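Student: Can you keep this structure in mind? I'll have questions shortly.
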Amino acid sequence: MPRTPRSAPTSATVLPAQRRAPVSAKSEQRVRDILRVGREVFAALGYERTTTTEIAQRLGISEATVFTYFRGKRELCMRVIGDWYDEIIGAIEQGLPRERPIREQLEFIVHTHLRLFLIQGTGLCALVLSEGRSKGQQELGEGFVELQRRYTQPLMDLLARGQASGELRRDIPLRLLRSLVFGPMEHMLWEVVITGRQIEVEQSARDLVALLWPALQCPDQELQKLRRTQEAMLHLLQDSLGNRD
């Protein structure tokens, strides 16, 4: 199946407009520095405890300089999460083995999701799972919902292709199949955040897909496989008998 290129998100649909777009290499570097340190502070302190003053102090600049490029903490946090999501989406889209069966593609998405959510520690993971989905979501507003929708789109595309090919069940809405996959992953990530216990990502991805696959695949998928195997064996037997004649 030809790959549809992903259009870049526009600030009008996902993020509030930046106060001032960078117009020089120095300005672009300043924005990158603010986003880098902003990611560190949001990961360490969470949304509510983070202040633009703290970010400015760590960079050795004035808070007014931060406001030159971002209207405030909300916009900066949205950009930090959006950039992080883009990194994960990019890794999924570039590495997804589209020529392989749907199950193997699903395992790749689950593995990549778990690995990249934990690769920089649990700070950003906790930010998205807690502040981003409760108090923080109210503060971050509708833009956060759009970020979440964009982030889950690669999985939605895979599920839709699985339904079209007959590998996945069609009697359940895609949004519920999506929740069936993301729900257990979030529980696994929460356990790491709360207890500090590390997980073996590759094995965890395989185990999770093995658990989910019977619920995701078409109810008669195994029967169809058996029929195909029987047909193949019958053809081999017929060919063998024909060669004897």
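Letters for chains follow the order of the structure tokens (A, B, ...), residue numbers begin at 1 for each chain, and ligand numbers begin at 1 in the order shown.
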Just want the 9 Å neighbourhood of A:Val201, counted on only C-alpha atoms, with same-chain residues fewer than 6 positions away dropped. Output as a PyMOL selection string.
Tutor: chain A and resi 111-112+114-115
Student: Could those residues be written to a file, using N, CA and C atoms, as a tab-separated table (two decimals), in the first residue's frame?
Tutor:
chain	number	residue	atom	x	y	z
A	111	HIS	N	6.15	-1.45	20.77
A	111	HIS	CA	7.54	-1.40	21.23
A	111	HIS	C	8.09	0.02	21.15
A	112	THR	N	7.86	0.70	20.03
A	112	THR	CA	8.38	2.05	19.86
A	112	THR	C	7.75	3.01	20.86
A	114	LEU	N	6.49	2.33	23.90
A	114	LEU	CA	7.03	2.09	25.23
A	114	LEU	C	8.48	2.55	25.34
A	115	ARG	N	9.27	2.26	24.33
A	115	ARG	CA	10.69	2.60	24.38
A	115	ARG	C	10.91	4.11	24.43
Student: Compile a residue-level contact table for stretch 42-143 of chain A against stretch 209-217 of chain A at a cut-off of 9 Å, reporting for every qualifying residue the shortest atom pair and its distance in Å to one decimal, with only C-alpha atoms counted, rows ordered by chain and ascending number, as a Markdown table.
Tutor:
| residue | atom | partner | partner_atom | distance |
| --- | --- | --- | --- | --- |
| A:Arg103 | CA | A:Trp213 | CA | 7.4 |
| A:Glu104 | CA | A:Val209 | CA | 9.0 |
| A:Leu106 | CA | A:Val209 | CA | 7.4 |
| A:Glu107 | CA | A:Val209 | CA | 6.1 |
| A:Val110 | CA | A:Val209 | CA | 7.9 |
Student: Would you kindly return, as a list in words, each protein, DNA or RNA residue with an atom no farther than 9 Å from any atom of stretch 180-192 of chain A, considering only C-alpha atoms and excluding same-chain residues fewer than 6 positions away?
Tutor: Val110, His113, Leu114, Phe117, Leu118, Thr122, Cys125, Ala126, Leu129, Thr152, Leu155, Gln198, Ile199, Ser204, Ala205, Leu208, Val209, Leu212, Ala215 and Leu216 of chain A
Student: Could the residues in this selection be written to a file with C-alpha atoms, as a compact mmCIF listing (two decimals), in the first residue's frame?
Tutor:
# COMPACT_ATOMS: atom_id res chain seq x y z
CA VAL A 110 3.79 -0.88 20.83
CA HIS A 113 5.75 3.72 22.04
CA LEU A 114 7.03 2.09 25.23
CA PHE A 117 8.10 7.15 26.32
CA LEU A 118 10.74 5.87 28.75
CA THR A 122 9.72 9.03 33.39
CA CYS A 125 5.77 10.35 30.55
CA ALA A 126 4.33 11.44 33.90
CA LEU A 129 -0.23 10.75 31.78
CA THR A 152 -2.69 8.22 18.01
CA LEU A 155 -2.15 3.37 15.23
CA GLN A 198 11.90 -0.86 34.96
CA ILE A 199 10.39 -3.10 32.31
CA SER A 204 6.72 -6.42 27.27
CA ALA A 205 5.70 -5.40 23.75
CA LEU A 208 1.10 -7.30 25.28
CA VAL A 209 0.46 -7.97 21.60
CA LEU A 212 -4.39 -8.34 22.68
CA ALA A 215 -9.38 -9.76 20.79
CA LEU A 216 -8.27 -7.71 17.77
Student: Let me make sure I understand: among A:Arg30, A:Arg175, A:Lys73, A:Arg36, which one has the smallest atom-to-atom distance to A:Thr51 if we use only C-alpha atoms?
Tutor: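 Ranked by minimum distance to A:Thr51, first place goes to A:Lys73.
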Student: What gap, in Å, lies between atom CA of A:Phe42 and atom CA of A:Ile194?
Tutor: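 About the pair atom CA of A:Phe42 and atom CA of A:Ile194: they are 17.2 Å apart.
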Student: Quick one, how far is atom CA of A:Tyr85 from atom CA of A:Ser179?
Tutor: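 Separating atom CA of A:Tyr85 from atom CA of A:Ser179 is a distance of 17.9 Å.
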Student: Using only C-alpha atoms, what table do you get, as a tab-separated table, when you list each residue of stretch 110-220 of chain A with an atom no more than 8 Å from stretch 77-82 of chain A, its nearest pair of atoms, and their distance in Å rounded to one decimal, rows by chain then rising number?
Tutor:
residue	atom	partner	partner_atom	distance
A:Val128	CA	A:Ile81	CA	7.9
A:Leu140	CA	A:Met78	CA	7.2
A:Gly143	CA	A:Met78	CA	7.6
A:Phe144	CA	A:Met78	CA	7.0
A:Leu147	CA	A:Gly82	CA	6.5
Student: Could you turn the residues from that selection into a file that holds C-alpha atoms, as a CSV table (one decimal), in the first residue's frame?
Tutor:
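This went into selection-v9.csv:
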chain,number,residue,atom,x,y,z
A,128,VAL,CA,1.4,13.5,29.7
A,140,LEU,CA,-3.8,23.2,28.3
A,143,GLY,CA,-5.1,22.0,21.8
A,144,PHE,CA,-4.0,19.1,24.0
A,147,LEU,CA,-2.2,16.7,20.0
Student: Nearest to A:Phe108 among A:Glu28, A:Asp83, A:Glu93, A:Glu231, with distances taken over only C-alpha atoms: which residue is it?
Tutor: A:Glu93
Student: Between A:Ile88, A:Leu127, A:Val193, A:Val145, single out the one closest to A:Leu45, counting only C-alpha atoms.
Tutor: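 That would be A:Leu127, the residue with the smallest distance to A:Leu45.
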Student: Which is closer to A:Ile61 than all the others in A:Glu48, A:Asp239, A:Glu146, A:Asp33, using only C-alpha atoms?
Tutor: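 Of A:Glu48, A:Asp239, A:Glu146, A:Asp33, the one nearest A:Ile61, counting only C-alpha atoms, is A:Asp33.
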Student: Step one, run DSSP on the backbone; step two, keep only residues of stretch 38-230 of chain A assigned to alpha helix (DSSP H); then write them as a PyMOL selection string.
Tutor: chain A and resi 38-49+52-59+63-69+73-95+102-118+123-129+135-140+142-165+174-195+201-216+221-230
Student: For a test of reading the model, state the distance in Å between atom CA of A:Arg170 and atom CA of A:Pro154, rounded to one decimal.
Tutor: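 Separation between atom CA of A:Arg170 and atom CA of A:Pro154: 18.1 Å.
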